[in-house]
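Peer 1: This is the content of upload.txt (compact mmCIF, C-alpha atoms):
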# COMPACT_ATOMS: atom_id res chain seq x y z
CA MET W 1 0.00 0.00 0.00
CA PRO W 2 1.26 3.52 -0.73
CA LEU W 3 2.11 5.61 2.31
CA PRO W 4 -0.16 8.54 3.11
CA ALA W 5 1.49 11.90 3.67
CA THR W 6 0.29 12.27 7.25
CA THR W 7 -1.17 10.31 10.13
CA ARG W 8 -1.62 10.77 13.85
CA VAL W 9 0.51 7.82 15.02
CA ALA W 10 3.26 6.08 13.03
CA VAL W 11 4.09 2.59 14.34
CA VAL W 12 7.36 1.10 13.13
CA GLY W 13 7.43 -2.69 13.33
CA ALA W 14 4.53 -5.10 12.77
CA GLY W 15 5.40 -7.88 15.20
CA PRO W 16 3.06 -8.76 18.07
CA THR W 17 3.79 -5.47 19.88
CA GLY W 18 3.14 -3.27 16.85
CA LEU W 19 0.06 -5.22 15.84
CA THR W 20 -1.41 -4.96 19.34
CA LEU W 21 -0.70 -1.23 19.45
CA ALA W 22 -2.30 -0.73 16.03
CA LEU W 23 -5.33 -2.81 17.05
CA THR W 24 -5.73 -0.72 20.22
CA LEU W 25 -5.59 2.50 18.18
CA ALA W 26 -8.06 1.12 15.63
CA GLU W 27 -10.50 0.18 18.40
CA ALA W 28 -10.18 3.74 19.75
CA GLY W 29 -10.75 5.34 16.34
CA ILE W 30 -7.25 6.90 16.18
CA ASP W 31 -5.70 7.26 12.71
CA PHE W 32 -2.38 5.39 12.41
CA VAL W 33 0.08 3.91 9.93
CA LEU W 34 1.77 0.60 10.74
CA LEU W 35 4.98 0.03 8.77
CA ASP W 36 7.30 -2.97 8.50
CA ARG W 37 10.47 -3.46 6.49
CA GLN W 38 9.69 -7.10 5.65
CA ALA W 39 7.70 -7.87 2.51
CA GLU W 40 5.55 -10.28 4.53
CA GLY W 41 5.19 -11.44 8.11
CA ALA W 42 7.58 -14.14 9.31
CA ASN W 43 6.16 -17.67 9.10
CA THR W 44 8.32 -19.21 11.82
CA SER W 45 7.25 -19.93 15.38
CA ARG W 46 9.80 -17.94 17.45
CA ALA W 47 8.04 -16.99 20.70
CA ALA W 48 5.69 -19.86 21.56
CA VAL W 49 3.81 -19.10 24.77
CA VAL W 50 0.99 -16.67 25.57
CA HIS W 51 0.57 -16.17 29.30
CA ALA W 52 -2.61 -15.56 31.28
CA ARG W 53 -2.17 -11.80 31.68
CA THR W 54 -1.73 -11.36 27.92
CA LEU W 55 -4.94 -13.28 27.28
CA GLU W 56 -6.70 -11.06 29.83
CA VAL W 57 -5.46 -7.98 27.97
CA LEU W 58 -6.73 -9.39 24.69
CA ASP W 59 -10.06 -10.28 26.34
CA ASP W 60 -10.40 -6.58 27.14
CA LEU W 61 -9.15 -5.34 23.78
CA ASP W 62 -10.74 -7.80 21.37
CA PRO W 63 -12.40 -10.93 22.78
CA ALA W 64 -12.48 -12.52 19.33
CA ALA W 65 -8.66 -12.38 19.20
CA SER W 66 -8.16 -14.11 22.54
CA ALA W 67 -10.81 -16.72 21.73
CA GLU W 68 -9.12 -17.53 18.42
CA LEU W 69 -5.71 -17.83 20.06
CA VAL W 70 -7.11 -20.24 22.62
CA ARG W 71 -8.70 -22.25 19.81
CA ARG W 72 -5.37 -22.52 17.99
CA GLY W 73 -3.18 -23.13 21.03
CA THR W 74 -2.40 -25.91 23.48
CA PRO W 75 -3.06 -25.05 27.15
CA VAL W 76 -0.50 -26.39 29.64
CA THR W 77 -1.03 -26.21 33.38
CA ARG W 78 2.28 -27.59 34.72
CA PHE W 79 5.90 -26.43 34.54
CA ARG W 80 8.14 -29.32 35.64
CA ILE W 81 11.78 -28.89 36.73
CA ARG W 82 14.22 -31.83 36.66
CA ASP W 83 17.88 -32.50 37.18
CA GLY W 84 18.54 -35.08 34.50
CA ALA W 85 15.70 -37.60 34.92
CA ARG W 86 15.17 -36.70 38.60
CA PRO W 87 12.07 -34.55 39.27
CA LEU W 88 12.82 -31.55 41.49
CA ALA W 89 9.72 -29.35 41.44
CA ALA W 90 6.51 -28.54 39.60
CA VAL W 91 4.88 -25.12 39.24
CA THR W 92 1.16 -25.34 38.52
CA PHE W 93 -1.06 -22.73 36.88
CA ASP W 94 -4.51 -24.31 37.19
CA GLY W 95 -5.23 -22.69 40.58
CA LEU W 96 -4.54 -19.11 39.48
CA PRO W 97 -7.32 -16.50 39.86
CA THR W 98 -7.86 -15.85 36.16
CA ALA W 99 -10.12 -16.90 33.32
CA HIS W 100 -6.99 -18.43 31.75
CA PRO W 101 -5.30 -20.63 34.40
CA TYR W 102 -2.69 -22.07 32.03
CA ALA W 103 0.19 -21.22 29.73
CA LEU W 104 -1.07 -21.26 26.14
CA MET W 105 1.46 -22.82 23.77
CA VAL W 106 0.97 -21.24 20.35
CA PRO W 107 3.63 -20.29 17.75
CA GLN W 108 4.30 -16.59 17.21
CA ASP W 109 3.33 -16.68 13.55
CA GLN W 110 -0.13 -17.84 14.64
CA THR W 111 -0.34 -15.06 17.24
CA GLU W 112 0.59 -12.50 14.59
CA ALA W 113 -1.92 -13.98 12.13
CA VAL W 114 -4.75 -13.68 14.67
CA LEU W 115 -3.87 -10.08 15.56
CA LEU W 116 -3.53 -9.11 11.88
CA ALA W 117 -6.88 -10.66 11.00
CA ARG W 118 -8.57 -8.67 13.77
CA LEU W 119 -6.80 -5.49 12.63
CA ARG W 120 -8.01 -6.02 9.07
CA ALA W 121 -11.55 -6.64 10.32
CA LEU W 122 -11.40 -3.08 11.70
CA GLY W 123 -10.15 -1.66 8.40
CA GLY W 124 -6.43 -1.50 9.24
CA ASP W 125 -3.43 -3.23 7.70
CA VAL W 126 0.37 -3.25 7.53
CA HIS W 127 2.24 -1.08 5.03
CA ARG W 128 5.02 -3.30 3.55
CA PRO W 129 7.87 -3.23 2.73
CA TYR W 130 8.88 0.16 4.12
CA GLU W 131 12.24 0.38 5.90
CA VAL W 132 12.45 3.49 8.05
CA THR W 133 15.98 4.89 7.76
CA SER W 134 15.67 8.20 9.59
CA VAL W 135 13.37 9.84 12.11
CA SER W 136 13.28 13.50 13.14
CA GLN W 137 10.97 15.46 15.36
CA ASP W 138 10.00 19.06 16.00
CA ALA W 139 7.58 20.83 18.32
CA THR W 140 4.46 19.64 16.51
CA GLY W 141 5.30 16.26 15.03
CA VAL W 142 7.63 13.61 13.66
CA VAL W 143 8.89 12.89 10.14
CA LEU W 144 9.86 9.37 9.10
CA THR W 145 11.88 8.81 5.93
CA THR W 146 12.06 5.41 4.23
CA ALA W 147 14.90 3.77 2.31
CA THR W 148 13.12 4.60 -0.96
CA GLY W 149 12.68 8.27 -0.09
CA GLU W 150 9.03 8.43 0.98
CA THR W 151 8.20 10.55 4.00
CA LEU W 152 5.45 10.27 6.58
CA ARG W 153 4.56 12.97 9.09
CA ALA W 154 2.83 12.00 12.34
CA ALA W 155 2.00 13.56 15.66
CA TYR W 156 3.85 10.68 17.37
CA ALA W 157 6.04 7.77 16.29
CA VAL W 158 6.46 4.47 18.13
CA GLY W 159 9.45 2.19 17.82
CA ALA W 160 8.22 -1.41 17.97
CA ASP W 161 11.09 -2.32 15.68
CA GLY W 162 13.12 -4.69 17.82
CA MET W 163 16.42 -4.70 19.65
CA ARG W 164 18.22 -2.70 16.94
CA SER W 165 15.48 -0.08 16.87
CA THR W 166 15.91 2.79 14.42
CA VAL W 167 13.42 4.86 16.41
CA ARG W 168 15.31 4.34 19.68
CA GLU W 169 18.58 5.37 18.06
CA ALA W 170 16.96 8.44 16.53
CA ALA W 171 15.59 9.36 19.96
CA GLY W 172 19.07 9.10 21.47
CA ILE W 173 17.85 6.71 24.16
CA GLY W 174 20.44 4.39 25.71
CA PHE W 175 19.91 0.62 25.90
CA THR W 176 21.64 -0.44 29.10
CA GLY W 177 22.67 -4.05 29.68
CA SER W 178 24.83 -6.79 28.18
CA ALA W 179 24.75 -10.16 26.41
CA TYR W 180 24.96 -13.66 27.83
CA GLU W 181 28.14 -15.48 26.89
CA GLU W 182 26.53 -18.62 25.48
CA SER W 183 24.30 -18.91 22.45
CA PHE W 184 20.87 -20.51 22.53
CA VAL W 185 19.57 -23.18 20.17
CA LEU W 186 15.88 -23.10 19.37
CA ALA W 187 14.22 -25.93 17.42
CA ASP W 188 10.67 -27.03 16.66
CA VAL W 189 10.68 -30.80 16.27
CA THR W 190 8.54 -33.87 16.09
CA MET W 191 9.74 -36.54 18.49
CA ASP W 192 8.86 -39.21 20.97
CA TRP W 193 9.29 -37.41 24.30
CA ALA W 194 9.06 -39.48 27.47
CA PRO W 195 7.53 -36.79 29.77
CA GLY W 196 4.76 -36.28 27.19
CA PRO W 197 2.82 -33.20 26.01
CA GLN W 198 1.03 -32.39 29.28
CA GLU W 199 3.76 -30.14 30.69
CA VAL W 200 6.60 -27.75 29.97
CA SER W 201 9.84 -29.36 31.10
CA LEU W 202 13.01 -27.60 32.29
CA THR W 203 15.92 -30.01 32.70
CA PHE W 204 19.11 -29.02 34.51
CA GLY W 205 22.40 -30.66 33.66
CA PRO W 206 26.17 -30.12 33.74
CA ALA W 207 26.15 -29.06 30.08
CA GLY W 208 23.40 -26.48 30.63
CA PRO W 209 19.61 -26.17 30.90
CA THR W 210 17.13 -27.49 28.34
CA VAL W 211 13.47 -26.54 27.95
CA VAL W 212 11.02 -28.76 26.08
CA ALA W 213 7.46 -27.52 25.57
CA PRO W 214 4.54 -28.99 23.62
CA LEU W 215 3.22 -27.17 20.57
CA PRO W 216 -0.01 -27.63 18.61
CA GLY W 217 0.06 -30.35 15.98
CA GLY W 218 2.10 -32.81 18.01
CA ARG W 219 5.34 -30.84 17.83
CA TYR W 220 7.71 -29.78 20.59
CA ARG W 221 9.76 -26.65 21.15
CA VAL W 222 13.34 -27.26 22.31
CA VAL W 223 15.44 -24.43 23.77
CA THR W 224 18.90 -25.01 25.19
CA THR W 225 22.20 -23.22 25.76
CA VAL W 226 25.19 -24.18 23.60
CA ALA W 227 28.65 -22.68 23.60
CA ASP W 228 28.96 -22.88 19.82
CA ALA W 229 26.10 -23.99 17.58
CA PRO W 230 25.49 -23.93 13.81
CA ALA W 231 23.20 -21.22 12.45
CA GLU W 232 20.50 -23.80 11.63
CA PRO W 233 20.89 -26.88 13.86
CA ASP W 234 19.90 -30.08 12.04
CA LEU W 235 18.34 -33.31 13.30
CA PRO W 236 21.59 -35.07 14.29
CA PHE W 237 22.72 -31.96 16.19
CA VAL W 238 19.42 -31.62 18.08
CA GLN W 239 19.30 -35.35 18.82
CA ALA W 240 22.85 -35.26 20.17
CA LEU W 241 21.94 -32.31 22.39
CA LEU W 242 18.94 -34.14 23.84
CA ASP W 243 20.92 -37.36 24.26
CA THR W 244 23.35 -35.36 26.41
CA ARG W 245 20.87 -33.15 28.24
CA ALA W 246 17.95 -35.61 28.68
CA PRO W 247 19.40 -39.11 28.15
CA GLY W 248 16.96 -41.74 26.95
CA GLN W 249 13.96 -39.39 26.90
CA ALA W 250 13.86 -38.10 23.32
CA ALA W 251 13.83 -39.64 19.84
CA VAL W 252 13.67 -36.85 17.25
CA THR W 253 12.06 -37.73 13.93
CA ASP W 254 12.02 -34.32 12.22
CA VAL W 255 13.29 -30.76 12.69
CA VAL W 256 10.61 -28.42 11.36
CA TRP W 257 12.50 -25.19 12.06
CA SER W 258 15.62 -24.27 13.96
CA SER W 259 17.77 -21.28 14.77
CA ARG W 260 20.72 -20.13 16.83
CA PHE W 261 20.62 -16.82 18.63
CA ARG W 262 22.40 -14.82 21.27
CA VAL W 263 20.47 -13.36 24.16
CA HIS W 264 20.86 -9.90 25.67
CA HIS W 265 19.38 -8.50 28.84
CA ARG W 266 18.84 -4.78 28.28
CA VAL W 267 16.27 -2.11 29.02
CA ALA W 268 15.90 1.34 27.47
CA ASP W 269 16.95 4.20 29.74
CA ARG W 270 13.68 5.92 28.86
CA TYR W 271 10.54 4.92 26.99
CA ARG W 272 9.93 8.39 25.63
CA ALA W 273 11.86 11.26 24.09
CA GLY W 274 9.44 13.99 23.11
CA ARG W 275 7.19 12.57 20.41
CA LEU W 276 9.13 9.32 20.03
CA LEU W 277 8.11 6.32 22.15
CA LEU W 278 9.28 2.72 22.56
CA ALA W 279 7.55 -0.61 23.14
CA GLY W 280 8.40 -4.30 23.03
CA ASP W 281 11.91 -5.42 22.12
CA ALA W 282 12.87 -1.85 21.24
CA ALA W 283 12.43 -1.09 24.95
CA HIS W 284 13.55 -4.33 26.61
CA VAL W 285 15.16 -7.67 25.72
CA HIS W 286 15.99 -10.54 28.03
CA SER W 287 16.47 -14.29 28.42
CA PRO W 288 13.74 -16.55 26.98
CA ALA W 289 13.43 -18.20 30.41
CA GLY W 290 9.75 -18.17 31.34
CA GLY W 291 8.59 -17.03 27.90
CA GLN W 292 8.09 -13.43 29.05
CA GLY W 293 9.34 -11.39 26.09
CA MET W 294 6.47 -11.35 23.59
CA ASN W 295 3.94 -11.21 26.41
CA THR W 296 5.51 -8.12 27.94
CA GLY W 297 5.62 -6.54 24.48
CA ILE W 298 1.95 -7.21 23.74
CA GLN W 299 1.02 -5.66 27.08
CA ASP W 300 3.25 -2.67 26.23
CA GLY W 301 1.41 -2.26 22.94
CA HIS W 302 -2.00 -2.23 24.58
CA ALA W 303 -0.94 0.16 27.35
CA LEU W 304 0.74 2.55 24.91
CA GLY W 305 -2.21 2.46 22.51
CA ARG W 306 -4.52 3.49 25.31
CA ALA W 307 -2.11 6.22 26.43
CA LEU W 308 -1.83 7.62 22.90
CA ALA W 309 -5.59 7.57 22.45
CA THR W 310 -5.97 9.50 25.70
CA ALA W 311 -3.21 11.96 24.79
CA LEU W 312 -4.59 12.64 21.33
CA THR W 313 -8.13 13.20 22.56
CA THR W 314 -7.24 15.36 25.57
CA ALA W 315 -4.13 17.30 24.54
CA LEU W 316 -6.08 19.90 22.58
CA ALA W 317 -8.16 20.67 25.65
CA THR W 318 -5.41 20.55 28.27
CA GLY W 319 -2.22 21.26 26.34
CA THR W 320 -0.56 18.29 28.10
CA ASP W 321 -0.05 14.59 27.52
CA GLU W 322 0.49 13.15 30.98
CA ALA W 323 -0.86 9.80 29.77
CA LEU W 324 2.35 9.21 27.81
CA ASP W 325 4.52 9.92 30.85
CA ALA W 326 2.32 7.53 32.82
CA TYR W 327 2.97 4.83 30.19
CA GLU W 328 6.69 4.89 30.94
CA ALA W 329 6.11 5.11 34.68
CA THR W 330 3.89 2.03 34.52
CA ARG W 331 5.59 -0.19 31.96
CA ARG W 332 9.33 0.38 32.49
CA PRO W 333 9.27 -1.02 36.05
CA VAL W 334 7.55 -4.11 34.65
CA ALA W 335 10.40 -4.61 32.18
CA LEU W 336 12.99 -4.21 34.94
CA ARG W 337 11.17 -6.80 37.04
CA VAL W 338 10.88 -9.25 34.12
CA ILE W 339 14.57 -8.85 33.30
CA ALA W 340 15.53 -9.48 36.93
CA LEU W 341 13.35 -12.61 37.08
CA THR W 342 14.52 -14.11 33.79
CA ASP W 343 18.15 -13.34 34.56
CA ARG W 344 17.91 -15.13 37.93
CA MET W 345 16.18 -18.10 36.30
CA THR W 346 18.82 -18.30 33.57
CA ARG W 347 21.78 -18.09 35.93
CA ILE W 348 20.32 -20.60 38.38
CA ALA W 349 19.52 -23.03 35.57
CA ALA W 350 22.84 -22.60 33.75
CA THR W 351 25.25 -22.74 36.70
CA ARG W 352 28.03 -25.31 36.38
CA ASN W 353 29.33 -24.81 39.92
CA PRO W 354 28.88 -28.20 41.65
CA ALA W 355 28.29 -26.65 45.07
CA VAL W 356 25.66 -24.22 43.75
CA ARG W 357 23.98 -27.04 41.81
CA ALA W 358 23.83 -29.19 44.94
CA VAL W 359 22.23 -26.38 46.97
CA ARG W 360 19.78 -25.61 44.14
CA ASN W 361 18.74 -29.23 43.79
CA THR W 362 18.25 -29.58 47.54
CA LEU W 363 16.24 -26.39 48.05
CA LEU W 364 13.96 -26.51 45.02
CA PRO W 365 11.96 -29.58 46.08
CA LEU W 366 11.50 -28.13 49.56
CA LEU W 367 10.40 -24.71 48.32
CA ALA W 368 8.06 -26.13 45.68
CA ARG W 369 6.10 -27.95 48.39
CA ILE W 370 5.16 -24.64 50.04
CA PRO W 371 1.80 -23.71 48.41
CA ALA W 372 2.26 -19.96 48.84
CA LEU W 373 5.67 -19.99 47.13
CA ASN W 374 4.43 -22.22 44.32
CA LYS W 375 1.49 -19.91 43.67
CA ARG W 376 3.74 -16.85 43.87
CA LEU W 377 6.07 -18.17 41.15
CA ALA W 378 3.14 -19.26 38.97
CA THR W 379 1.59 -15.80 39.34
CA GLU W 380 4.87 -14.14 38.38
CA LEU W 381 5.38 -16.35 35.32
CA ALA W 382 1.77 -15.74 34.23
CA GLU W 383 2.43 -11.98 34.63
CA LEU W 384 -0.72 -11.57 36.71
CA ASN W 385 1.22 -9.30 39.07
CA TYR W 386 1.24 -6.67 36.31
CA ARG W 387 -2.50 -6.05 36.29
Any chance you could put this one into C-alpha cells?
Peer 2:
Amino acid sequence: MPLPATTRVAVVGAGPTGLTLALTLAEAGIDFVLLDRQAEGANTSRAAVVHARTLEVLDDLDPAASAELVRRGTPVTRFRIRDGARPLAAVTFDGLPTAHPYALMVPQDQTEAVLLARLRALGGDVHRPYEVTSVSQDATGVVLTTATGETLRAAYAVGADGMRSTVREAAGIGFTGSAYEESFVLADVTMDWAPGPQEVSLTFGPAGPTVVAPLPGGRYRVVTTVADAPAEPDLPFVQALLDTRAPGQAAVTDVVWSSRFRVHHRVADRYRAGRLLLAGDAAHVHSPAGGQGMNTGIQDGHALGRALATALTTALATGTDEALDAYEATRRPVALRVIALTDRMTRIAATRNPAVRAVRNTLLPLLARIPALNKRLATELAELNYR
C-alpha cells in the first residue's frame, strides 16, 4: 500500500507489539500507519507461549482475538523442573485467579496472524515493505523517511522495531545491559518425548539447561544453551543435544524449524523522548526463560495504545499529555522486574558450579512444596502481578 502523507501515530514494526498497538488505536478510532520493512510477516514460530495476563489484555481489547488464540493453542497447566531424569519441582497454573489458568502454547506466527486478522476486520493493515531509515521530530510532530525516499509525518512515532530499533537510536535513548556469553539453540521438532505433552519441562544438567514444551500439531519446542552452535541446527545436532541433556527421553524424527541466537538483557533508559516512544523489544530484551518477552511486548502495545488515544483526545483541551509519561512510569518497572526474574532463572539453571547445583537441587523440592511460594512463582510467570 502507498504511504499517506500524514497520520496521527506512526508505528514502526509489525510484530506482536506493533500489531497490538495498532489494534488498540483502531479500536479507539485513532488514525495510524503501521509500517514494517519485511515484505511479509515471518512464518516461523519464534516466541511460543501466551501467558494468562496477555490473554486477559486481549479479552479486554478484542475478545475474538483471545478466543481464536485459545482455539489454535495448546493449554499447559504444569511447569516441571528436573535434574537429568530426577524430578525436582513442579509449578502449577490451574489454581490461578484468572479466566486463563494455564500457559497457552501457540507459535508466534499464529499469534501474529490472529492479531492481523482482527486489525483487518477493523479496516487497518500493515504497510510493507517500508524500511524506516531516519526519524526526526520538532515541536508539533515527527517525520519518518524510508529507504526509498518516501516521507510520513505523524503527531507521534512508536518504535516497535526490535532490539536494533531505528526509532530508539533516533531518539538518542540508551539501551543499558549486556549479552549472555553462550548462544541458545531453538528448534521445533517432532519426536517421541518421554515426559509427554502435558507439561513444559526444564531439565538441569552439567552441560546447561534445556526446555522442552509442547506445541499444537504434536510438535515440541526445544530451547537449550550451547557454547557454539550452527546457524540452523539439524536433526543429528538436536538429537545429540537431547541425548546429552535428557538421556533416553527423546527420539527426534524431524526438525521443522531451527535457529541459533544470542540473548541480551537490556532495558531502554527511557521509553519516551518527546514525540518518540518505545515498546516491546525496542524497549527491553531478556532471556527466553519463562517465555516473558512477547507477552511483555503485547502488554506494552495495549498500554501505549490506550495512552496515545488518551493523549490525542485530551491534549487539545489541556495542552498536556500526561498519559504518555504515565505509560513509561507504569511499563518500564515491569520490564525491569521481568529482566531481573529471567536473569535469575537463567543463571540458576545454567550454573556449572557443583556446590551451587547441589544447593539448588536440595532447596527446590523443599520450596516447591510450600503452596504460597508455588502460587507466587506461577503468578509471576503468568504476569498476573502486572495487572
Peer 1: If you count only C-alpha atoms, which residues fall within 7 Å of Val12 in chain W, apart from same-chain ones fewer than 5 positions away, as a PyMOL selection string?
Peer 2: chain W and resi 34-36+158-161
Peer 1: Please save C-alpha atoms of the selected residues as a PDB file, in the coordinates of the input.
Peer 2:
ATOM      1  CA  LEU W  34       1.770   0.600  10.740  1.00  0.00           C
ATOM      2  CA  LEU W  35       4.980   0.030   8.770  1.00  0.00           C
ATOM      3  CA  ASP W  36       7.300  -2.970   8.500  1.00  0.00           C
ATOM      4  CA  VAL W 158       6.460   4.470  18.130  1.00  0.00           C
ATOM      5  CA  GLY W 159       9.450   2.190  17.820  1.00  0.00           C
ATOM      6  CA  ALA W 160       8.220  -1.410  17.970  1.00  0.00           C
ATOM      7  CA  ASP W 161      11.090  -2.320  15.680  1.00  0.00           C
TER       8      ASP W 161
END
Peer 1: Of the candidates W:Phe175, W:Phe184, W:Trp193, W:Tyr130, which one gets nearest to Pro247 in chain W if we count only C-alpha atoms?
Peer 2: W:Trp193
Peer 1: With a distance cut-off of 9 Å and all atoms listed in the file, select the neighbouring residues of Val9 in chain W, excluding the residue or stretch itself and same-chain residues fewer than 5 positions from it, and output the selection as a list in words.
Peer 2: Leu25, Ile30, Asp31, Phe32, Val33, Leu34, Arg153, Ala154, Ala155, Tyr156, Ala157, Val158 and Leu308 of chain W
Peer 1: Do you know which residues are at most 8 Å from range 205-216 of chain W counting only C-alpha atoms, after dropping those on the same chain fewer than 2 positions away, and could you put them as JSON, numbers by chain?
Peer 2: {"W": [48, 72, 73, 74, 83, 84, 105, 106, 107, 197, 198, 199, 200, 201, 202, 203, 218, 219, 220, 221, 222, 223, 224, 225, 226, 244, 245, 349, 350, 351, 352]}
Peer 1: Just write the chosen residues, C-alpha atoms, as a CSV table (one decimal), keeping the file's coordinate frame.
Peer 2:
chain,number,residue,atom,x,y,z
W,48,ALA,CA,5.7,-19.9,21.6
W,72,ARG,CA,-5.4,-22.5,18.0
W,73,GLY,CA,-3.2,-23.1,21.0
W,74,THR,CA,-2.4,-25.9,23.5
W,83,ASP,CA,17.9,-32.5,37.2
W,84,GLY,CA,18.5,-35.1,34.5
W,105,MET,CA,1.5,-22.8,23.8
W,106,VAL,CA,1.0,-21.2,20.4
W,107,PRO,CA,3.6,-20.3,17.8
W,197,PRO,CA,2.8,-33.2,26.0
W,198,GLN,CA,1.0,-32.4,29.3
W,199,GLU,CA,3.8,-30.1,30.7
W,200,VAL,CA,6.6,-27.8,30.0
W,201,SER,CA,9.8,-29.4,31.1
W,202,LEU,CA,13.0,-27.6,32.3
W,203,THR,CA,15.9,-30.0,32.7
W,218,GLY,CA,2.1,-32.8,18.0
W,219,ARG,CA,5.3,-30.8,17.8
W,220,TYR,CA,7.7,-29.8,20.6
W,221,ARG,CA,9.8,-26.6,21.2
W,222,VAL,CA,13.3,-27.3,22.3
W,223,VAL,CA,15.4,-24.4,23.8
W,224,THR,CA,18.9,-25.0,25.2
W,225,THR,CA,22.2,-23.2,25.8
W,226,VAL,CA,25.2,-24.2,23.6
W,244,THR,CA,23.4,-35.4,26.4
W,245,ARG,CA,20.9,-33.2,28.2
W,349,ALA,CA,19.5,-23.0,35.6
W,350,ALA,CA,22.8,-22.6,33.8
W,351,THR,CA,25.2,-22.7,36.7
W,352,ARG,CA,28.0,-25.3,36.4
Peer 1: Counting all atoms listed in the file, which residues have an atom no more than 10 Å from (-8.7, -4.0, 12.3) in the file's coordinates? Please list them as a count of residues only.
Peer 2: 18
Peer 1: Would you compute the distance between CA of Leu104 in chain W and CA of Pro75 in chain W? Give it in Å to one decimal.
Peer 2: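 About the pair CA of Leu104 in chain W and CA of Pro75 in chain W: they are 4.4 Å apart.
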Peer 1: Smallest atom-to-atom distance to Gln299 in chain W: which of W:Thr111, W:Ser178, W:Thr54, W:Thr7, using all atoms listed in the file?
Peer 2: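 Nearest to Gln299 in chain W: W:Thr54.
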Peer 1: Which residues are close to Ser134 in chain W, i.e. within 10 Å by all atoms listed in the file, leaving aside same-chain residues fewer than 3 positions away? Reply as a list in words.
Peer 2: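 My reading of the contact set: Glu131, Val143, Leu144, Thr145, Thr146, Ala147, Thr151, Thr166, Val167, Glu169 and Ala170 of chain W.
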Peer 1: Just to confirm, what's the straight-line distance from CA of Leu304 in chain W to CA of Leu21 in chain W in Å (one decimal)?
Peer 2: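 Interatomic distance here is 6.8 Å.
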Peer 1: List the neighbours of range 285-293 of chain W out to 6 Å using only C-alpha atoms; skip same-chain residues closer than 3 positions along the sequence, and give me the result as an MDAnalysis selection string.
Peer 2: chainID W and resid 263:266 281 296 339 342
Peer 1: If you take every atom of range 19-28 of chain W that the file lists and fit an axis-aligned box around them with 6 Å extra on each side, what centre and edge lengths come out in Å to one decimal, as AutoDock Vina command-line options?
Peer 2:
--center_x -5.2 --center_y -0.7 --center_z 17.9 --size_x 22.6 --size_y 21.0 --size_z 16.6
Peer 1: Report, in Å to a single decimal, how far apart CA of Ala99 in chain W and CA of Ala52 in chain W are.
Peer 2: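 So the answer is 7.9 Å.
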Peer 1: For each of W:Leu366, W:Arg306, W:Ala39, W:Leu312, take the minimum atom-to-atom distance to Asp60 in chain W, counting all atoms listed in the file, then give the residue where this is smallest.
Peer 2: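 Counting all atoms listed in the file, the residue closest to Asp60 in chain W is W:Arg306.
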Peer 1: Using only C-alpha atoms, find the one residue out of W:Val142, W:Thr92, W:Asn353, W:Ile348 that sits nearest to Ala5 in chain W.
Peer 2: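 Residue with the minimum atom-to-atom distance to Ala5 in chain W: W:Val142.
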Peer 1: Return the single residue from W:Ala283, W:Val126, W:Ala89, W:Ala47 that is closest to Ala187 in chain W, with distances computed using all atoms listed in the file.
Peer 2: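 Among W:Ala283, W:Val126, W:Ala89, W:Ala47, it is W:Ala47 that comes nearest to Ala187 in chain W.
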Peer 1: Counting only C-alpha atoms, figure out which residue out of W:Ser165, W:Ala326, W:Val132, W:Arg270 gets nearest to Gly149 in chain W.
Peer 2: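 Smallest separation from Gly149 in chain W among the options: W:Val132.
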